[in-house]
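This is start.csv (CSV, C-alpha atoms).
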chain,number,residue,atom,x,y,z
I,1,MET,CA,0.0,0.0,0.0
I,2,THR,CA,1.2,3.5,-0.7
I,3,GLY,CA,0.8,6.4,1.8
I,4,PRO,CA,-1.2,9.5,1.3
I,5,ARG,CA,0.0,11.9,-1.4
I,6,PRO,CA,2.1,14.8,-0.1
I,7,THR,CA,0.4,18.2,0.0
I,8,PHE,CA,2.1,21.6,0.2
I,9,ARG,CA,0.2,23.9,2.5
I,10,LEU,CA,0.9,27.6,1.8
I,11,GLY,CA,-0.5,30.2,4.1
I,12,TYR,CA,-1.0,33.8,3.0
I,13,VAL,CA,-2.1,37.0,4.7
I,14,PRO,CA,-4.9,39.1,3.3
I,15,GLY,CA,-3.8,41.0,0.2
I,16,ALA,CA,-0.8,38.8,-0.6
I,17,THR,CA,-0.9,37.6,-4.2
I,18,PRO,CA,0.3,34.0,-4.6
I,19,ALA,CA,-1.7,33.2,-7.8
I,20,LYS,CA,1.3,33.4,-10.2
I,21,TRP,CA,3.4,31.0,-8.1
I,22,VAL,CA,0.5,28.6,-7.6
I,23,ARG,CA,0.1,28.3,-11.4
I,24,MET,CA,3.8,27.6,-11.8
I,25,TRP,CA,3.6,25.0,-9.0
I,26,ALA,CA,0.8,23.2,-10.8
I,27,GLU,CA,2.8,23.2,-14.0
I,28,ARG,CA,6.0,21.9,-12.4
I,29,LEU,CA,4.6,19.5,-9.8
I,30,PRO,CA,1.1,18.5,-11.1
I,31,ARG,CA,1.0,15.4,-8.8
I,32,ILE,CA,1.5,17.3,-5.6
I,33,PRO,CA,-1.5,19.5,-4.6
I,34,LEU,CA,-0.9,23.0,-3.2
I,35,GLU,CA,-3.4,24.0,-0.6
I,36,LEU,CA,-3.9,27.7,-0.1
I,37,ILE,CA,-4.8,28.8,3.5
I,38,GLN,CA,-5.7,32.4,4.3
I,39,VAL,CA,-4.4,33.4,7.7
I,40,SER,CA,-4.5,36.6,9.7
I,41,ALA,CA,-1.3,38.7,9.9
I,42,ASP,CA,-1.2,38.2,13.7
I,43,ASP,CA,-1.5,34.4,13.5
I,44,ALA,CA,0.8,33.8,10.5
I,45,PRO,CA,4.2,33.4,12.3
I,46,ALA,CA,2.8,31.1,15.0
I,47,LEU,CA,1.0,28.9,12.4
I,48,VAL,CA,4.2,28.2,10.5
I,49,ARG,CA,6.2,27.7,13.7
I,50,ARG,CA,3.6,25.0,14.8
I,51,GLY,CA,3.7,23.3,11.4
I,52,GLU,CA,0.1,24.0,10.6
I,53,VAL,CA,1.3,25.4,7.2
I,54,ASP,CA,4.6,24.4,5.5
I,55,ALA,CA,5.3,28.1,4.5
I,56,VAL,CA,3.5,31.4,4.7
I,57,LEU,CA,3.4,34.6,2.7
I,58,LEU,CA,3.4,37.4,5.3
I,59,ARG,CA,4.4,41.0,5.9
I,60,LEU,CA,7.5,42.1,7.6
I,61,PRO,CA,8.5,43.0,10.2
I,62,ILE,CA,7.9,39.9,12.3
I,63,ASP,CA,9.5,38.1,15.2
I,64,ARG,CA,12.0,35.9,13.3
I,65,GLU,CA,12.8,33.6,16.2
I,66,GLY,CA,12.7,30.1,14.8
I,67,LEU,CA,11.9,31.3,11.3
I,68,HIS,CA,13.5,31.9,7.9
I,69,ALA,CA,12.2,34.8,5.9
I,70,ILE,CA,12.9,35.8,2.3
I,71,PRO,CA,11.7,39.3,1.3
I,72,LEU,CA,9.9,39.0,-2.1
I,73,TYR,CA,8.4,42.4,-3.0
I,74,VAL,CA,7.5,45.8,-1.7
I,75,GLU,CA,3.9,47.1,-1.8
I,76,GLN,CA,2.9,50.6,-2.9
I,77,THR,CA,1.4,52.6,0.0
I,78,VAL,CA,-1.9,54.4,-0.7
I,79,VAL,CA,-4.4,56.5,1.2
I,80,VAL,CA,-8.1,55.4,0.8
I,81,VAL,CA,-10.6,58.2,0.5
I,82,PRO,CA,-14.2,58.8,-0.6
I,83,LYS,CA,-14.5,59.4,-4.4
I,84,ASP,CA,-15.6,63.0,-3.9
I,85,HIS,CA,-12.7,63.9,-1.5
I,86,LEU,CA,-10.3,66.8,-2.4
I,87,VAL,CA,-7.4,64.3,-2.4
I,88,THR,CA,-8.6,62.8,-5.6
I,89,ALA,CA,-7.7,66.0,-7.5
I,90,ALA,CA,-4.1,64.9,-7.3
I,91,ASP,CA,-2.4,61.9,-8.9
I,92,GLU,CA,-0.3,61.3,-5.7
I,93,VAL,CA,-0.1,62.8,-2.3
I,94,THR,CA,2.4,63.3,0.6
I,95,THR,CA,1.9,63.0,4.3
I,96,ASP,CA,2.0,66.9,4.5
I,97,ASP,CA,-1.1,66.9,2.3
I,98,LEU,CA,-2.9,64.8,5.0
I,99,ALA,CA,-1.8,67.0,8.0
I,100,ASP,CA,-5.3,68.4,8.6
I,101,GLU,CA,-7.2,65.2,7.8
I,102,LEU,CA,-8.9,62.9,10.3
I,103,MET,CA,-7.1,59.5,10.0
I,104,LEU,CA,-8.1,56.0,11.0
I,105,HIS,CA,-5.6,53.6,12.6
I,106,PRO,CA,-6.9,50.0,12.7
I,107,GLN,CA,-5.6,47.6,15.3
I,108,ASP,CA,-4.4,45.3,12.6
I,109,ASP,CA,-2.4,48.0,10.8
I,110,VAL,CA,0.5,46.4,8.9
I,111,PHE,CA,2.9,49.4,9.0
I,112,ASP,CA,5.8,49.7,11.4
I,113,TRP,CA,4.9,53.1,12.8
I,114,GLU,CA,3.3,54.4,15.9
I,115,ARG,CA,0.6,56.4,14.2
I,116,PRO,CA,-0.4,57.5,10.7
I,117,PRO,CA,0.0,61.2,9.6
I,118,GLY,CA,-2.8,63.8,10.2
I,119,ARG,CA,-5.1,63.9,13.1
I,120,VAL,CA,-5.5,60.4,14.3
I,121,ILE,CA,-8.9,59.4,15.7
I,122,ASP,CA,-8.4,57.9,19.2
I,123,GLU,CA,-10.9,55.1,18.8
I,124,ARG,CA,-9.2,52.4,16.7
I,125,PRO,CA,-11.2,50.1,14.5
I,126,ALA,CA,-10.6,46.4,15.1
I,127,THR,CA,-9.8,45.5,11.5
I,128,THR,CA,-8.8,47.1,8.2
I,129,ALA,CA,-12.2,46.0,6.9
I,130,ASP,CA,-14.0,48.0,9.7
I,131,ALA,CA,-11.8,51.0,8.9
I,132,ILE,CA,-12.7,50.9,5.2
I,133,ALA,CA,-16.4,51.0,6.2
I,134,LEU,CA,-15.7,54.1,8.3
I,135,VAL,CA,-14.0,55.8,5.4
I,136,ALA,CA,-17.1,55.1,3.3
I,137,MET,CA,-19.2,56.8,6.1
I,138,GLY,CA,-16.9,59.9,5.9
I,139,THR,CA,-15.4,59.3,9.4
I,140,GLY,CA,-11.8,59.6,8.2
I,141,LEU,CA,-9.1,58.5,5.8
I,142,LEU,CA,-7.0,55.3,5.9
I,143,VAL,CA,-3.4,54.5,4.9
I,144,VAL,CA,-2.9,50.9,3.7
I,145,PRO,CA,-0.8,48.8,1.2
I,146,GLN,CA,-2.4,49.0,-2.3
I,147,SER,CA,-3.1,45.3,-2.2
I,148,LEU,CA,-5.4,45.8,0.8
I,149,ALA,CA,-7.1,48.8,-0.9
I,150,ARG,CA,-7.9,46.5,-3.8
I,151,LEU,CA,-9.0,43.6,-1.6
I,152,HIS,CA,-11.5,45.9,0.2
I,153,HIS,CA,-12.6,47.7,-3.0
I,154,ARG,CA,-15.9,49.7,-2.8
I,155,LYS,CA,-17.6,51.7,-5.6
I,156,ASP,CA,-17.8,54.8,-3.4
I,157,LEU,CA,-14.1,54.8,-2.5
I,158,THR,CA,-10.8,55.3,-4.3
I,159,TYR,CA,-7.2,55.7,-3.4
I,160,ARG,CA,-4.0,57.6,-4.2
I,161,PRO,CA,-0.3,56.7,-3.8
I,162,LEU,CA,1.2,58.1,-0.7
I,163,LEU,CA,4.8,59.0,-1.5
I,164,ASP,CA,6.6,59.5,1.8
I,165,ALA,CA,5.0,56.9,4.0
I,166,PRO,CA,6.4,53.5,5.2
I,167,GLU,CA,6.1,50.6,2.8
I,168,SER,CA,5.0,47.1,3.4
I,169,GLN,CA,7.3,44.2,2.4
I,170,VAL,CA,5.9,40.8,1.7
I,171,ALA,CA,8.1,37.8,2.5
I,172,LEU,CA,8.1,34.0,2.4
I,173,SER,CA,8.6,32.4,5.8
I,174,TRP,CA,9.1,28.8,6.9
I,175,PRO,CA,10.5,27.0,10.0
I,176,GLU,CA,14.2,27.5,10.7
I,177,ASN,CA,14.9,24.0,11.8
I,178,GLU,CA,13.3,22.3,8.7
I,179,THR,CA,13.5,23.1,5.0
I,180,SER,CA,11.7,20.3,3.3
I,181,GLU,CA,12.0,19.4,-0.3
I,182,LEU,CA,8.6,20.9,-1.1
I,183,VAL,CA,9.6,24.2,0.6
I,184,GLU,CA,12.8,24.1,-1.5
I,185,GLN,CA,10.7,23.7,-4.6
I,186,PHE,CA,8.5,26.7,-3.7
I,187,ILE,CA,11.5,28.8,-2.9
I,188,GLY,CA,12.9,28.0,-6.4
I,189,ILE,CA,9.6,29.1,-7.9
I,190,VAL,CA,9.4,32.4,-6.1
I,191,ARG,CA,13.1,33.1,-6.8
I,192,GLY,CA,12.6,32.5,-10.5
I,193,ARG,CA,14.7,29.4,-10.9
I,194,THR,CA,14.1,27.4,-14.1
I,195,VAL,CA,12.9,23.8,-14.1
I,196,ASN,CA,16.4,22.5,-14.9
I,197,SER,CA,18.3,24.7,-12.5
I,198,SER,CA,19.3,23.5,-9.0
I,199,ARG,CA,20.3,25.5,-5.9
I,200,GLY,CA,24.1,25.9,-5.9
I,201,ALA,CA,24.6,23.8,-9.0
I,202,GLN,CA,27.8,24.5,-10.9
I,203,PRO,CA,28.0,24.3,-14.7
I,204,ALA,CA,29.7,21.1,-15.8
I,205,ALA,CA,33.3,21.5,-17.0
I,206,LYS,CA,33.8,21.0,-20.6
I,207,ALA,CA,36.1,18.2,-21.7
I,208,PRO,CA,39.2,19.3,-23.5
I,209,ALA,CA,38.9,19.1,-27.3
I,210,LYS,CA,40.8,16.1,-28.8
I,211,LYS,CA,43.5,17.0,-31.1
I,212,THR,CA,43.5,15.3,-34.5
I,213,PRO,CA,47.0,13.8,-35.1
I,214,ALA,CA,48.6,15.3,-38.2
I,215,LYS,CA,49.0,13.1,-41.1
I,216,LYS,CA,52.6,12.1,-42.0
I,217,ALA,CA,53.8,12.8,-45.5
I,218,PRO,CA,54.4,9.5,-47.5
I,219,ALA,CA,58.1,8.6,-47.7
I,220,THR,CA,59.7,8.8,-51.1
I,221,LYS,CA,61.4,5.7,-52.5
I,222,GLY,CA,65.0,5.4,-53.2
I,223,THR,CA,66.7,8.8,-52.5
I,224,GLY,CA,65.4,9.4,-49.0
I,225,LYS,CA,64.8,13.0,-50.0
I,226,LYS,CA,61.7,14.9,-49.1
I,227,PRO,CA,59.2,15.2,-51.9
I,228,GLY,CA,59.3,18.5,-53.7
I,229,ARG,CA,57.9,20.2,-56.7
I,230,PRO,CA,58.9,18.6,-60.1
I,231,ARG,CA,61.4,20.6,-62.1
I,232,ARG,CA,60.3,22.2,-65.3
I,233,ARG,CA,62.3,21.2,-68.5

As structure tokens, how would this structure be written, given the file I've shared?
Amino acid sequence: MTGPRPTFRLGYVPGATPAKWVRMWAERLPRIPLELIQVSADDAPALVRRGEVDAVLLRLPIDREGLHAIPLYVEQTVVVVPKDHLVTAADEVTTDDLADELMLHPQDDVFDWERPPGRVIDERPATTADAIALVAMGTGLLVVPQSLARLHHRKDLTYRPLLDAPESQVALSWPENETSELVEQFIGIVRGRTVNSSRGAQPAAKAPAKKTPAKKAPATKGTGKKPGRPRRR
């Protein structure tokens, strides 16, 4: 009897975009299912430490004790506003542009800062989704990674790039004491390795070309002299 087929369990926090890598996994390892598991930002490090997922896409910074983490990409920071807000007149804004605005600071904020710019409302929404609903009600504005603005898209809201704010960095994390073959395969995919490449592989040395022995000139009979051009008469 054969055992159960292996499955690669990949956790991801809201807004992370693993779709491209999942497609590549299916092409390269069609016999090994990849299970996507959405996890909260707070729970992500603990879940991978406990082995409930094999690896996880999360946002830095995190407590890296017992974990590896490979930074993958940096997300654009945006400010979410109602569609009729004055901010929408500009293509992009700075934190100075928000100095007089009421700002929301959800408890699951992903940025490594104490507080957003502007006049921060003391009562903090529990989640980013709650904060988005308050933006739609006209309570205040919200700074988030662009991926979260897209995730919580509403017809009555829009967003603009915020130039001088912290940025969110998405990373792949897995347990420090165990890098399984499946994790190695996924690392290769996110790092852009080709199917035939291997980590640390060195190109094979080329064998030296064989020299073709030179043909000896046929010996002349009788005189022992080297053959030459015939004399003209």

### Query
So, counting all atoms listed in the file, which residue among I:Leu163, I:Pro175, I:Thr127, I:Leu104 is closest to I:Leu47?
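Nearest candidate to I:Leu47 out of I:Leu163, I:Pro175, I:Thr127, I:Leu104: I:Pro175.
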
### For I:Ala136: contacts at 10 Å, all atoms listed in the file, fewer than 6 positions along chain excluded, given as a ChimeraX atom specification
/I:80-83,154-158

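The space separating atom CA of I:Ala46 from atom CA of I:Gly66 comes to 10.0 Å.
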
### Task
Could you tell me how far atom CA of I:Leu182 lies from atom CA of I:Glu75, in Å and to one decimal?
26.6 Å

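For the atom pair formed by atom CA of I:Asp97 and atom CA of I:Pro14, the distance is 28.1 Å, given to one decimal.
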
### Query
For I:Trp25, which residue among I:Phe186, I:Gly192, I:Asp54, I:Tyr73 is the nearest when counting only C-alpha atoms?
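Among the listed residues, I:Phe186 lies closest to I:Trp25.
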
### Shell around I:Leu141 at 12 Å using all atoms listed in the file, local window under 4 positions removed, as a PyMOL selection string
chain I and resi 78-83+85-87+95+98-106+116-121+128+131-137+149+157-160

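When only C-alpha atoms are used to compute distances to I:Gly138, the closest of the residues I:Phe8, I:His153, I:Ile37, I:Asp84 turns out to be I:Asp84.
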
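Among the candidates I:Val144, I:Val48, I:Ala26, I:Ile32, the residue lying nearest to I:Gly11 is I:Val48 (atoms considered: only C-alpha atoms).
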
### Task
Using all atoms listed in the file, find the one residue out of I:Glu27, I:Asp42, I:Glu52, I:Asp109 that sits nearest to I:Trp174.
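Of I:Glu27, I:Asp42, I:Glu52, I:Asp109, the one nearest I:Trp174, counting all atoms listed in the file, is I:Glu52.
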
### Query
For the point (0.7, 39.2, 11.0) in file coordinates, what residues are within 10 Å, counting all atoms listed in the file? Give the answer as a list in words?
Tyr12, Val13, Pro14, Val39, Ser40, Ala41, Asp42, Asp43, Ala44, Pro45, Ala46, Leu57, Leu58, Arg59, Leu60, Pro61, Ile62, Asp63, Asp108, Asp109 and Val110 of chain I

Filtering to C-alpha atoms, could you give me those residues as a compact mmCIF listing (two decimals), keeping the file's coordinate frame?
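Below is the file selection.txt, written as the result:
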# COMPACT_ATOMS: atom_id res chain seq x y z
CA TYR I 12 -1.00 33.80 3.00
CA VAL I 13 -2.10 37.00 4.70
CA PRO I 14 -4.90 39.10 3.30
CA VAL I 39 -4.40 33.40 7.70
CA SER I 40 -4.50 36.60 9.70
CA ALA I 41 -1.30 38.70 9.90
CA ASP I 42 -1.20 38.20 13.70
CA ASP I 43 -1.50 34.40 13.50
CA ALA I 44 0.80 33.80 10.50
CA PRO I 45 4.20 33.40 12.30
CA ALA I 46 2.80 31.10 15.00
CA LEU I 57 3.40 34.60 2.70
CA LEU I 58 3.40 37.40 5.30
CA ARG I 59 4.40 41.00 5.90
CA LEU I 60 7.50 42.10 7.60
CA PRO I 61 8.50 43.00 10.20
CA ILE I 62 7.90 39.90 12.30
CA ASP I 63 9.50 38.10 15.20
CA ASP I 108 -4.40 45.30 12.60
CA ASP I 109 -2.40 48.00 10.80
CA VAL I 110 0.50 46.40 8.90

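Of the residues under consideration (I:Val183, I:Leu142, I:Val190, I:Leu172), I:Leu172 shows the shortest atom-to-atom contact distance to I:Pro71 when counting all atoms listed in the file.
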
Around all of stretch 139-153 of chain I's listed atoms, make the axis-aligned box with 4 Å on each side and tell me centre and edge lengths in Å to one decimal, as lines of an AutoDock Vina configuration file.
center_x = -8.1
center_y = 51.6
center_z = 2.8
size_x = 22.6
size_y = 24.0
size_z = 21.2

Please provide the set of residues having any atom within 12 Å of I:Ile189, restricted to only C-alpha atoms, with same-chain residues fewer than 2 positions apart removed, written as a PDB file with C-alpha atoms, in the frame of the given file.
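File produced: part-v7.pdb:
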ATOM      1  CA  PRO I  18       0.300  34.000  -4.600  1.00  0.00           C
ATOM      2  CA  LYS I  20       1.300  33.400 -10.200  1.00  0.00           C
ATOM      3  CA  TRP I  21       3.400  31.000  -8.100  1.00  0.00           C
ATOM      4  CA  VAL I  22       0.500  28.600  -7.600  1.00  0.00           C
ATOM      5  CA  ARG I  23       0.100  28.300 -11.400  1.00  0.00           C
ATOM      6  CA  MET I  24       3.800  27.600 -11.800  1.00  0.00           C
ATOM      7  CA  TRP I  25       3.600  25.000  -9.000  1.00  0.00           C
ATOM      8  CA  ALA I  26       0.800  23.200 -10.800  1.00  0.00           C
ATOM      9  CA  GLU I  27       2.800  23.200 -14.000  1.00  0.00           C
ATOM     10  CA  ARG I  28       6.000  21.900 -12.400  1.00  0.00           C
ATOM     11  CA  LEU I  29       4.600  19.500  -9.800  1.00  0.00           C
ATOM     12  CA  LEU I  72       9.900  39.000  -2.100  1.00  0.00           C
ATOM     13  CA  LEU I 172       8.100  34.000   2.400  1.00  0.00           C
ATOM     14  CA  LEU I 182       8.600  20.900  -1.100  1.00  0.00           C
ATOM     15  CA  VAL I 183       9.600  24.200   0.600  1.00  0.00           C
ATOM     16  CA  GLU I 184      12.800  24.100  -1.500  1.00  0.00           C
ATOM     17  CA  GLN I 185      10.700  23.700  -4.600  1.00  0.00           C
ATOM     18  CA  PHE I 186       8.500  26.700  -3.700  1.00  0.00           C
ATOM     19  CA  ILE I 187      11.500  28.800  -2.900  1.00  0.00           C
ATOM     20  CA  ARG I 191      13.100  33.100  -6.800  1.00  0.00           C
ATOM     21  CA  GLY I 192      12.600  32.500 -10.500  1.00  0.00           C
ATOM     22  CA  ARG I 193      14.700  29.400 -10.900  1.00  0.00           C
ATOM     23  CA  THR I 194      14.100  27.400 -14.100  1.00  0.00           C
ATOM     24  CA  VAL I 195      12.900  23.800 -14.100  1.00  0.00           C
ATOM     25  CA  ASN I 196      16.400  22.500 -14.900  1.00  0.00           C
ATOM     26  CA  SER I 197      18.300  24.700 -12.500  1.00  0.00           C
ATOM     27  CA  SER I 198      19.300  23.500  -9.000  1.00  0.00           C
ATOM     28  CA  ARG I 199      20.300  25.500  -5.900  1.00  0.00           C
TER      29      ARG I 199
END
